[in-house]
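Structure file final.cif (mmCIF, C-alpha atoms) is printed below.
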```cif
data_my_file
loop_
_atom_site.label_atom_id
_atom_site.label_comp_id
_atom_site.auth_asym_id
_atom_site.auth_seq_id
_atom_site.Cartn_x
_atom_site.Cartn_y
_atom_site.Cartn_z
CA MET V 342 69.46 -167.80 114.56
CA LYS V 343 68.41 -171.36 113.62
CA THR V 344 67.82 -172.29 117.27
CA LEU V 345 65.72 -169.18 117.82
CA ALA V 346 63.61 -169.90 114.72
CA VAL V 347 62.92 -173.46 115.86
CA SER V 348 61.98 -172.28 119.35
CA LEU V 349 59.66 -169.65 117.91
CA ARG V 350 57.80 -172.16 115.75
CA ARG V 351 57.44 -174.52 118.72
CA LEU V 352 56.29 -172.01 121.29
CA LEU V 353 54.24 -169.52 119.25
CA PRO V 354 50.91 -171.31 119.78
CA LEU V 355 51.78 -171.89 123.42
CA VAL V 356 52.49 -168.20 124.01
CA MET V 357 49.11 -167.28 122.53
CA ILE V 358 47.24 -169.64 124.82
CA SER V 359 49.42 -168.73 127.77
CA GLY V 360 48.39 -165.08 127.42
CA TRP V 361 44.75 -166.04 127.65
CA LEU V 362 45.35 -168.25 130.69
CA LEU V 363 47.16 -165.47 132.53
CA SER V 364 43.89 -163.55 132.60
CA TYR V 365 40.90 -164.49 134.72
CA THR V 366 38.79 -167.43 133.56
CA ALA V 367 35.59 -168.84 135.01
CA ILE V 368 36.39 -172.49 134.21
CA PRO V 369 35.52 -174.67 137.24
CA ALA V 370 38.61 -175.77 139.15
CA ALA V 371 37.87 -179.49 138.85
CA ALA V 372 37.33 -179.31 135.09
CA ASN V 373 40.46 -177.20 134.67
CA HIS V 374 42.50 -179.69 136.69
CA ARG V 375 41.32 -182.59 134.55
CA ALA V 376 42.29 -180.70 131.40
CA LEU V 377 45.76 -180.00 132.78
CA ARG V 378 46.33 -183.67 133.48
CA THR V 379 45.43 -184.78 129.96
CA ASP V 380 46.39 -181.96 127.56
CA PRO V 381 50.15 -181.83 126.80
CA ILE V 382 49.88 -178.22 125.60
CA GLU V 383 48.22 -177.17 128.85
CA LEU V 384 50.95 -178.97 130.79
CA GLU V 385 53.63 -177.15 128.82
CA ILE V 386 51.92 -173.81 129.44
CA GLU V 387 51.75 -174.47 133.16
CA ARG V 388 55.43 -175.40 133.18
CA LEU V 389 56.31 -172.13 131.45
CA LYS V 390 54.13 -170.07 133.77
CA ALA V 391 55.64 -171.72 136.84
CA SER V 392 59.06 -170.40 135.82
CA PHE V 393 57.88 -166.77 135.88
CA THR V 394 57.71 -164.45 138.85
CA ALA V 395 54.48 -162.49 139.37
CA THR V 396 56.07 -159.47 137.68
CA GLU V 397 57.17 -161.58 134.71
CA ARG V 398 53.66 -163.00 134.31
CA VAL V 399 52.24 -159.49 134.12
CA GLY V 400 55.00 -158.58 131.67
CA GLN V 401 53.82 -161.32 129.31
CA LEU V 402 50.52 -159.42 128.93
CA MET V 403 52.23 -156.21 127.81
CA MET V 404 52.67 -155.05 124.20
CA VAL V 405 54.84 -151.95 123.85
CA THR V 406 56.31 -149.63 121.24
CA PHE V 407 59.83 -148.23 121.38
CA GLU V 408 62.01 -145.81 119.45
CA GLY V 409 64.94 -146.60 117.23
CA THR V 410 66.78 -149.84 116.62
CA TYR V 411 69.35 -149.75 119.42
CA LEU V 412 69.04 -152.33 122.17
CA ASP V 413 71.86 -151.37 124.52
CA PRO V 414 71.32 -151.93 128.27
CA GLU V 415 70.46 -148.27 128.90
CA THR V 416 67.41 -148.28 126.64
CA ALA V 417 63.90 -148.74 128.02
CA ILE V 418 63.10 -151.58 125.63
CA TYR V 419 66.16 -153.53 126.78
CA GLN V 420 65.11 -153.21 130.40
CA LEU V 421 61.48 -154.13 129.68
CA ILE V 422 62.54 -157.33 127.94
CA ALA V 423 65.38 -158.26 130.29
CA ASP V 424 63.83 -157.34 133.64
CA TYR V 425 60.08 -157.54 133.10
CA ASN V 426 59.68 -160.29 130.48
CA ILE V 427 57.26 -158.29 128.30
CA GLY V 428 55.34 -160.38 125.81
CA ALA V 429 55.24 -158.27 122.65
CA VAL V 430 56.59 -155.26 120.77
CA VAL V 431 55.21 -153.30 117.81
CA LEU V 432 57.48 -152.07 115.04
CA LEU V 433 56.48 -148.70 113.55
CA ALA V 434 58.13 -146.59 110.88
CA SER V 435 57.15 -143.44 112.81
CA ASN V 436 59.29 -144.68 115.73
CA ASP V 437 62.31 -145.21 113.45
CA ASN V 438 62.16 -148.98 114.00
CA ILE V 439 62.11 -149.36 110.22
CA ASN V 440 64.67 -147.20 108.51
CA GLY V 441 67.27 -147.25 105.79
CA GLN V 442 66.77 -146.76 102.08
CA VAL V 443 68.70 -149.89 101.08
CA ASN V 444 67.95 -153.50 102.01
CA THR V 445 65.24 -152.52 104.48
CA PRO V 446 63.88 -156.08 104.91
CA ARG V 447 67.34 -157.27 105.99
CA LEU V 448 67.54 -154.44 108.55
CA VAL V 449 64.12 -155.42 109.93
CA GLN V 450 65.20 -159.06 110.09
CA THR V 451 68.31 -158.05 112.02
CA LEU V 452 66.24 -156.05 114.50
CA THR V 453 63.73 -158.85 115.09
CA ALA V 454 66.56 -161.37 115.54
CA ASP V 455 68.26 -159.05 118.04
CA LEU V 456 65.00 -158.66 119.98
CA GLN V 457 64.50 -162.42 120.18
CA GLN V 458 68.15 -162.93 121.11
CA LEU V 459 67.78 -160.40 123.93
CA ALA V 460 64.74 -162.27 125.27
CA ALA V 461 66.66 -165.57 125.12
CA GLN V 462 69.70 -164.12 126.88
CA ALA V 463 67.52 -162.53 129.57
CA ALA V 464 66.06 -165.96 130.35
CA THR V 465 69.55 -167.48 130.48
CA HIS V 466 70.66 -164.85 132.99
CA THR V 467 68.06 -166.10 135.50
CA ARG V 468 69.61 -169.55 135.78
CA ASP V 469 70.89 -168.78 139.33
CA ARG V 470 67.26 -168.55 140.52
CA GLU V 471 65.68 -171.53 142.22
CA THR V 472 63.32 -171.68 139.22
CA PRO V 473 65.03 -170.11 136.18
CA ARG V 474 62.83 -168.23 133.74
CA GLU V 475 61.98 -170.20 130.62
CA TYR V 476 62.61 -168.49 127.29
CA VAL V 477 59.34 -167.54 125.61
CA PRO V 478 59.75 -165.81 122.23
CA LEU V 479 58.44 -162.28 121.82
CA PHE V 480 55.49 -161.46 119.66
CA ILE V 481 56.83 -158.90 117.16
CA ALA V 482 53.94 -157.09 115.51
CA THR V 483 53.40 -154.55 112.76
CA THR V 484 50.73 -153.31 110.35
CA HIS V 485 50.72 -154.20 106.65
CA ALA V 486 47.44 -152.92 105.19
CA GLY V 487 48.58 -152.10 101.66
CA GLU V 488 48.86 -148.79 99.77
CA GLY V 489 52.08 -147.78 101.51
CA GLN V 490 52.56 -145.77 104.69
CA PRO V 491 51.22 -144.95 107.19
CA ASP V 492 49.26 -148.21 107.36
CA THR V 493 51.98 -150.40 105.87
CA GLN V 494 55.10 -149.97 107.98
CA ILE V 495 57.64 -151.84 105.82
CA THR V 496 57.30 -150.46 102.30
CA LEU V 497 60.82 -150.44 100.87
CA GLY V 498 61.88 -153.83 99.59
CA THR V 499 58.47 -155.46 99.98
CA THR V 500 55.82 -156.20 97.37
CA PRO V 501 53.40 -153.26 96.95
CA LEU V 502 49.98 -154.56 98.00
CA PRO V 503 46.48 -153.22 97.22
CA SER V 504 44.24 -151.82 99.93
CA SER V 505 41.38 -153.80 101.43
CA MET V 506 38.91 -151.70 99.42
CA ALA V 507 40.70 -152.51 96.16
CA LEU V 508 40.63 -156.21 97.03
CA GLY V 509 36.98 -155.99 97.98
CA ALA V 510 36.18 -154.47 94.61
CA THR V 511 37.33 -157.69 92.93
CA TRP V 512 34.65 -159.74 94.71
CA ASN V 513 37.19 -162.53 94.50
CA PRO V 514 38.23 -164.25 97.76
CA ASP V 515 41.04 -166.05 95.91
CA ALA V 516 42.63 -162.67 95.12
CA ALA V 517 42.51 -161.73 98.81
CA ARG V 518 44.02 -165.08 99.72
CA LYS V 519 46.93 -164.62 97.30
CA VAL V 520 47.66 -161.12 98.63
CA GLY V 521 47.58 -162.54 102.16
CA GLN V 522 50.07 -165.22 101.12
CA ILE V 523 52.47 -162.56 99.84
CA ALA V 524 52.16 -160.57 103.08
CA GLY V 525 52.60 -163.68 105.22
CA THR V 526 55.65 -164.89 103.31
CA GLU V 527 57.47 -161.56 103.38
CA LEU V 528 56.62 -160.59 106.97
CA SER V 529 57.57 -164.01 108.31
CA ALA V 530 60.90 -163.90 106.48
CA MET V 531 61.65 -160.64 108.34
CA GLY V 532 60.87 -162.16 111.75
CA ILE V 533 57.40 -160.61 112.16
CA ASN V 534 55.11 -163.09 113.90
CA MET V 535 52.04 -160.96 114.59
CA LEU V 536 50.02 -158.96 112.05
CA LEU V 537 47.76 -156.18 113.33
CA GLY V 538 45.10 -156.47 110.62
CA PRO V 539 43.30 -156.82 108.32
CA ALA V 540 40.40 -154.49 109.09
CA LEU V 541 37.05 -156.28 109.11
CA ASP V 542 35.04 -153.08 109.51
CA VAL V 543 31.99 -152.74 107.27
CA TYR V 544 31.90 -149.51 105.25
CA GLN V 545 28.59 -147.87 106.25
CA ARG V 546 29.22 -144.16 105.99
CA LEU V 547 25.95 -142.35 105.28
CA PRO V 548 25.51 -138.94 103.60
CA ASN V 549 25.09 -135.89 105.83
CA GLU V 550 26.25 -137.75 108.95
CA ARG V 551 29.32 -137.07 111.02
CA THR V 552 30.91 -140.47 110.75
CA PHE V 553 34.52 -141.55 110.57
CA ASP V 554 35.62 -142.30 107.00
CA LEU V 555 37.30 -145.70 106.78
CA GLY V 556 38.79 -144.77 103.42
CA GLY V 557 40.37 -147.84 101.81
CA HIS V 558 40.56 -149.78 105.08
CA SER V 559 37.49 -151.93 104.51
CA PHE V 560 36.70 -154.80 102.17
CA GLY V 561 33.31 -153.20 101.49
CA GLY V 562 29.85 -152.41 102.76
CA GLU V 563 28.28 -155.88 102.74
CA PRO V 564 28.95 -157.79 105.99
CA TYR V 565 28.85 -161.22 104.34
CA TRP V 566 31.47 -160.32 101.75
CA VAL V 567 33.64 -158.47 104.24
CA GLY V 568 33.69 -161.70 106.23
CA LYS V 569 34.46 -163.84 103.18
CA MET V 570 37.27 -161.58 101.96
CA GLY V 571 38.72 -161.18 105.44
CA GLN V 572 38.69 -164.93 106.02
CA ALA V 573 40.43 -165.53 102.69
CA TYR V 574 43.09 -162.90 103.43
CA ILE V 575 43.81 -164.32 106.89
CA THR V 576 44.02 -167.85 105.47
CA GLY V 577 46.55 -166.57 102.95
CA VAL V 578 48.68 -164.95 105.68
CA HIS V 579 48.73 -168.24 107.60
CA GLU V 580 49.66 -170.17 104.46
CA GLY V 581 52.36 -167.73 103.37
CA SER V 582 53.95 -167.71 106.83
CA GLN V 583 53.54 -171.48 107.29
CA GLY V 584 51.52 -170.82 110.41
CA ARG V 585 54.12 -168.57 112.03
CA ILE V 586 52.07 -165.33 112.10
CA ALA V 587 49.24 -164.63 114.53
CA VAL V 588 46.63 -162.43 112.82
CA ILE V 589 44.79 -159.85 114.93
CA ALA V 590 41.79 -158.68 112.88
CA GLN V 591 40.58 -155.15 113.59
CA ASN V 592 38.73 -152.88 114.70
CA PHE V 593 36.24 -151.35 117.10
CA PRO V 594 32.85 -153.04 116.47
CA GLY V 595 30.78 -150.84 114.18
CA LEU V 596 33.65 -148.52 113.29
CA GLY V 597 32.03 -147.96 109.90
CA LEU V 598 29.34 -145.92 111.68
CA ALA V 599 31.51 -144.45 114.43
CA ASP V 600 32.03 -140.71 114.82
CA THR V 601 35.80 -140.69 115.41
CA PRO V 602 38.91 -142.84 114.93
CA PRO V 603 39.66 -145.07 117.96
CA ASP V 604 43.24 -143.77 118.20
CA GLN V 605 41.93 -140.27 118.95
CA GLU V 606 39.17 -140.90 121.47
CA ILE V 607 36.53 -143.49 122.36
CA PRO V 608 34.31 -143.99 119.28
CA VAL V 609 30.57 -143.49 119.58
CA LEU V 610 27.87 -144.86 117.29
CA PRO V 611 25.36 -141.99 116.86
CA ARG V 612 22.22 -144.12 116.59
CA ALA V 613 18.79 -143.53 118.07
CA VAL V 614 16.97 -146.51 119.54
CA GLU V 615 13.57 -147.08 117.96
CA GLU V 616 10.82 -148.15 120.33
#
```
How does this structure look as structure tokens?
Amino acid sequence: MKTLAVSLRRLLPLVMISGWLLSYTAIPAAANHRALRTDPIELEIERLKASFTATERVGQLMMVTFEGTYLDPETAIYQLIADYNIGAVVLLASNDNINGQVNTPRLVQTLTADLQQLAAQAATHTRDRETPREYVPLFIATTHAGEGQPDTQITLGTTPLPSSMALGATWNPDAARKVGQIAGTELSAMGINMLLGPALDVYQRLPNERTFDLGGHSFGGEPYWVGKMGQAYITGVHEGSQGRIAVIAQNFPGLGLADTPPDQEIPVLPRAVEE
């Protein structure tokens, strides 16, 4: 467990950058080569990438969900981690990844540790290859938006947190920062290293229009203050987790004026263009 935690802290920023570099980039070859020769992080990323097969590089770009908490060799999640080197998983209560009425945080911690251990063992099992696969820790993500389920996945045993709208109503970035610190501390202790949130959508629902209601998932209707509150919350998450959680702010641009939730179909902004 201690070795895995140390490896995770060391490689987390490298995995983030590595994911970006696996996709196409228009950086000129000469400039890119100069950067690789001088930047130790870039050199480490290239060393990690060189240990992956083409399939394993593609796997690093994948984030998947799975059901249950069992990781035996017959399960799909076991095979995806062991054989395809996937980069990330998402834990959801609706998939029974988070269950148990007693000591739920400890159960989540056990699951995240088992997932990371599986990724480490899978890398070890490639040592007969000419270039063995390097162990790169998984991103383990979840949502933690406050006000209980369904938008906060781990509710039992964690501090009840207010919604983004409730925080926005305080007009106090320090309050958002403190709530972020609580979320970061507790999630990190359970082995979560990626937070899908907070929502930075601006509440813009207008009367008599068919627009998607954000409910409490917005810091407010003023873009400047949504930005300030969101920045404070994210800073708090980073502080509470000691830099061990990557924060993925959401959502679809302009969702406050969209006609449908993005998990149902492609949102549309019903706006006429004035000439």
The PyMOL selection byres ((chain V and resi 583) around 10) resolved against shown file, as a list of chain:residue names: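 Evaluating the PyMOL selection byres ((chain V and resi 583) around 10) on this file yields V:Arg350, V:Gln522, V:Gly525, V:Thr526, V:Ser529, V:Gly577, V:Val578, V:His579, V:Glu580, V:Gly581, V:Ser582, V:Gly584, V:Arg585, V:Ile586.
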For CA of Ala540 in chain V and CA of Tyr565 in chain V, the interatomic separation in Å (one decimal):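 A separation of 14.2 Å between them.
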Non-local contacts of Ala423 in chain V (6 Å; only C-alpha atoms; under 3 positions in same chain excluded) as a count of residues only: 3
Gap from CA of Leu610 in chain V to CA of Leu598 in chain V - Å, one decimal: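 It comes out at 5.9 Å.
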Residues within 10 Å of Gly489 in chain V, only C-alpha atoms, excluding chain neighbours under 3 positions, as a ChimeraX atom specification: /V:485-486,492-497,501-504
Once you have the residues from the selection above, write them out as an mmCIF file, in the coordinates of the input, restricted to C-alpha atoms.
```
data_model
loop_
_atom_site.group_PDB
_atom_site.id
_atom_site.type_symbol
_atom_site.label_atom_id
_atom_site.label_comp_id
_atom_site.auth_asym_id
_atom_site.auth_seq_id
_atom_site.Cartn_x
_atom_site.Cartn_y
_atom_site.Cartn_z
ATOM 1 C CA HIS V 485 50.720 -154.200 106.650
ATOM 2 C CA ALA V 486 47.440 -152.920 105.190
ATOM 3 C CA ASP V 492 49.260 -148.210 107.360
ATOM 4 C CA THR V 493 51.980 -150.400 105.870
ATOM 5 C CA GLN V 494 55.100 -149.970 107.980
ATOM 6 C CA ILE V 495 57.640 -151.840 105.820
ATOM 7 C CA THR V 496 57.300 -150.460 102.300
ATOM 8 C CA LEU V 497 60.820 -150.440 100.870
ATOM 9 C CA PRO V 501 53.400 -153.260 96.950
ATOM 10 C CA LEU V 502 49.980 -154.560 98.000
ATOM 11 C CA PRO V 503 46.480 -153.220 97.220
ATOM 12 C CA SER V 504 44.240 -151.820 99.930
#
```
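Take the candidates V:Tyr476, V:Gly409, V:Thr379, V:Ile386 and check each one against Ile422 in chain V using only C-alpha atoms; the shortest distance goes to V:Tyr476.
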Selection result for the PyMOL selection byres ((chain V and resi 433-442) around 12) on this file, as a ChimeraX atom specification: /V:405-412,418,430-432,443-453,456,481-485,489-498,531,537
Selection dump of the PyMOL selection byres ((chain V and resi 515) around 9), as an MDAnalysis selection string: chainID V and resid 513:514 516:520 570 573:574 577
Answer as a VMD selection string, residues within 10 Å of (32.9, -152.0, 112.0) using only C-alpha atoms: chain V and resid 540 to 545 555 559 562 564 591 to 599
Interatomic distance, CA of Ser505 in chain V to CA of Gly538 in chain V (Å, one decimal): 10.3 Å
All residues 8 Å or closer to Ser392 in chain V, all atoms listed in the file, same chain fewer than 5 positions away omitted, as a ChimeraX atom specification: /V:472-475
Selection as a ChimeraX atom specification: residues within 6 Å of (51.0, -159.4, 124.3), counting only C-alpha atoms: /V:402-404,428-429
Nearest residue to Gln458 in chain V from the set V:Glu606, V:Gly568, V:Thr601, V:Val477 (distances using all atoms listed in the file):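 Answer, going by the shortest atom-to-atom distance: V:Val477.
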Could you give me, as a PDB file with C-alpha atoms, in the frame of the given file, the residues within 10 Å of Trp512 in chain V, counting all atoms listed in the file and dropping anything in the same chain fewer than 4 positions from it?
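Okay, out_23.pdb is ready:
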```
ATOM      1  CA  ALA V 507      40.700-152.510  96.160  1.00  0.00           C
ATOM      2  CA  LEU V 508      40.630-156.210  97.030  1.00  0.00           C
ATOM      3  CA  ALA V 516      42.630-162.670  95.120  1.00  0.00           C
ATOM      4  CA  ALA V 517      42.510-161.730  98.810  1.00  0.00           C
ATOM      5  CA  PHE V 560      36.700-154.800 102.170  1.00  0.00           C
ATOM      6  CA  GLY V 561      33.310-153.200 101.490  1.00  0.00           C
ATOM      7  CA  TRP V 566      31.470-160.320 101.750  1.00  0.00           C
ATOM      8  CA  VAL V 567      33.640-158.470 104.240  1.00  0.00           C
ATOM      9  CA  LYS V 569      34.460-163.840 103.180  1.00  0.00           C
ATOM     10  CA  MET V 570      37.270-161.580 101.960  1.00  0.00           C
TER      11      MET V 570
END
```
Regenerate range 515-526 of chain V at the level of all heavy atoms and dump it as a compact mmCIF listing (two decimals), in the coordinates of the input.
```txt
# COMPACT_ATOMS: atom_id res chain seq x y z
N ASP V 515 39.74 -165.47 96.26
CA ASP V 515 41.04 -166.05 95.91
C ASP V 515 42.10 -164.96 95.74
O ASP V 515 43.27 -165.17 96.08
CB ASP V 515 40.92 -166.87 94.63
CG ASP V 515 42.16 -167.70 94.37
OD1 ASP V 515 42.59 -168.42 95.30
OD2 ASP V 515 42.72 -167.62 93.26
N ALA V 516 41.69 -163.79 95.24
CA ALA V 516 42.63 -162.67 95.12
C ALA V 516 43.10 -162.21 96.51
O ALA V 516 44.28 -161.94 96.72
CB ALA V 516 41.99 -161.51 94.36
N ALA V 517 42.15 -162.12 97.44
CA ALA V 517 42.51 -161.73 98.81
C ALA V 517 43.44 -162.76 99.43
O ALA V 517 44.39 -162.42 100.15
CB ALA V 517 41.24 -161.58 99.65
N ARG V 518 43.18 -164.03 99.16
CA ARG V 518 44.02 -165.08 99.72
C ARG V 518 45.44 -164.99 99.18
O ARG V 518 46.41 -165.13 99.94
CB ARG V 518 43.41 -166.44 99.37
CG ARG V 518 44.15 -167.63 99.95
CD ARG V 518 43.36 -168.90 99.69
NE ARG V 518 44.01 -170.08 100.20
CZ ARG V 518 43.46 -171.28 100.24
NH1 ARG V 518 42.22 -171.45 99.81
NH2 ARG V 518 44.13 -172.31 100.73
N LYS V 519 45.60 -164.72 97.90
CA LYS V 519 46.93 -164.62 97.30
C LYS V 519 47.70 -163.42 97.85
O LYS V 519 48.90 -163.50 98.09
CB LYS V 519 46.82 -164.55 95.79
CG LYS V 519 46.38 -165.88 95.16
CD LYS V 519 46.21 -165.76 93.65
CE LYS V 519 45.79 -167.11 93.06
NZ LYS V 519 45.54 -167.03 91.60
N VAL V 520 47.00 -162.30 98.04
CA VAL V 520 47.66 -161.12 98.63
C VAL V 520 48.08 -161.43 100.06
O VAL V 520 49.17 -161.06 100.50
CB VAL V 520 46.73 -159.90 98.57
CG1 VAL V 520 47.31 -158.74 99.39
CG2 VAL V 520 46.52 -159.45 97.13
N GLY V 521 47.22 -162.13 100.80
CA GLY V 521 47.58 -162.54 102.16
C GLY V 521 48.80 -163.45 102.17
O GLY V 521 49.65 -163.34 103.07
N GLN V 522 48.90 -164.33 101.20
CA GLN V 522 50.07 -165.22 101.12
C GLN V 522 51.35 -164.42 100.93
O GLN V 522 52.38 -164.72 101.55
CB GLN V 522 49.89 -166.21 99.97
CG GLN V 522 48.85 -167.28 100.21
CD GLN V 522 48.58 -168.13 98.98
OE1 GLN V 522 48.91 -167.74 97.85
NE2 GLN V 522 47.99 -169.29 99.18
N ILE V 523 51.28 -163.40 100.06
CA ILE V 523 52.47 -162.56 99.84
C ILE V 523 52.86 -161.86 101.14
O ILE V 523 54.04 -161.86 101.54
CB ILE V 523 52.19 -161.52 98.73
CG1 ILE V 523 51.99 -162.23 97.38
CG2 ILE V 523 53.33 -160.51 98.65
CD1 ILE V 523 51.48 -161.32 96.28
N ALA V 524 51.88 -161.27 101.82
CA ALA V 524 52.16 -160.57 103.08
C ALA V 524 52.73 -161.53 104.11
O ALA V 524 53.72 -161.22 104.78
CB ALA V 524 50.88 -159.91 103.60
N GLY V 525 52.13 -162.71 104.24
CA GLY V 525 52.60 -163.68 105.22
C GLY V 525 54.01 -164.15 104.95
O GLY V 525 54.84 -164.27 105.87
N THR V 526 54.31 -164.42 103.68
CA THR V 526 55.65 -164.89 103.31
C THR V 526 56.71 -163.84 103.62
O THR V 526 57.74 -164.14 104.24
CB THR V 526 55.70 -165.23 101.81
OG1 THR V 526 54.76 -166.28 101.54
CG2 THR V 526 57.08 -165.70 101.40
```
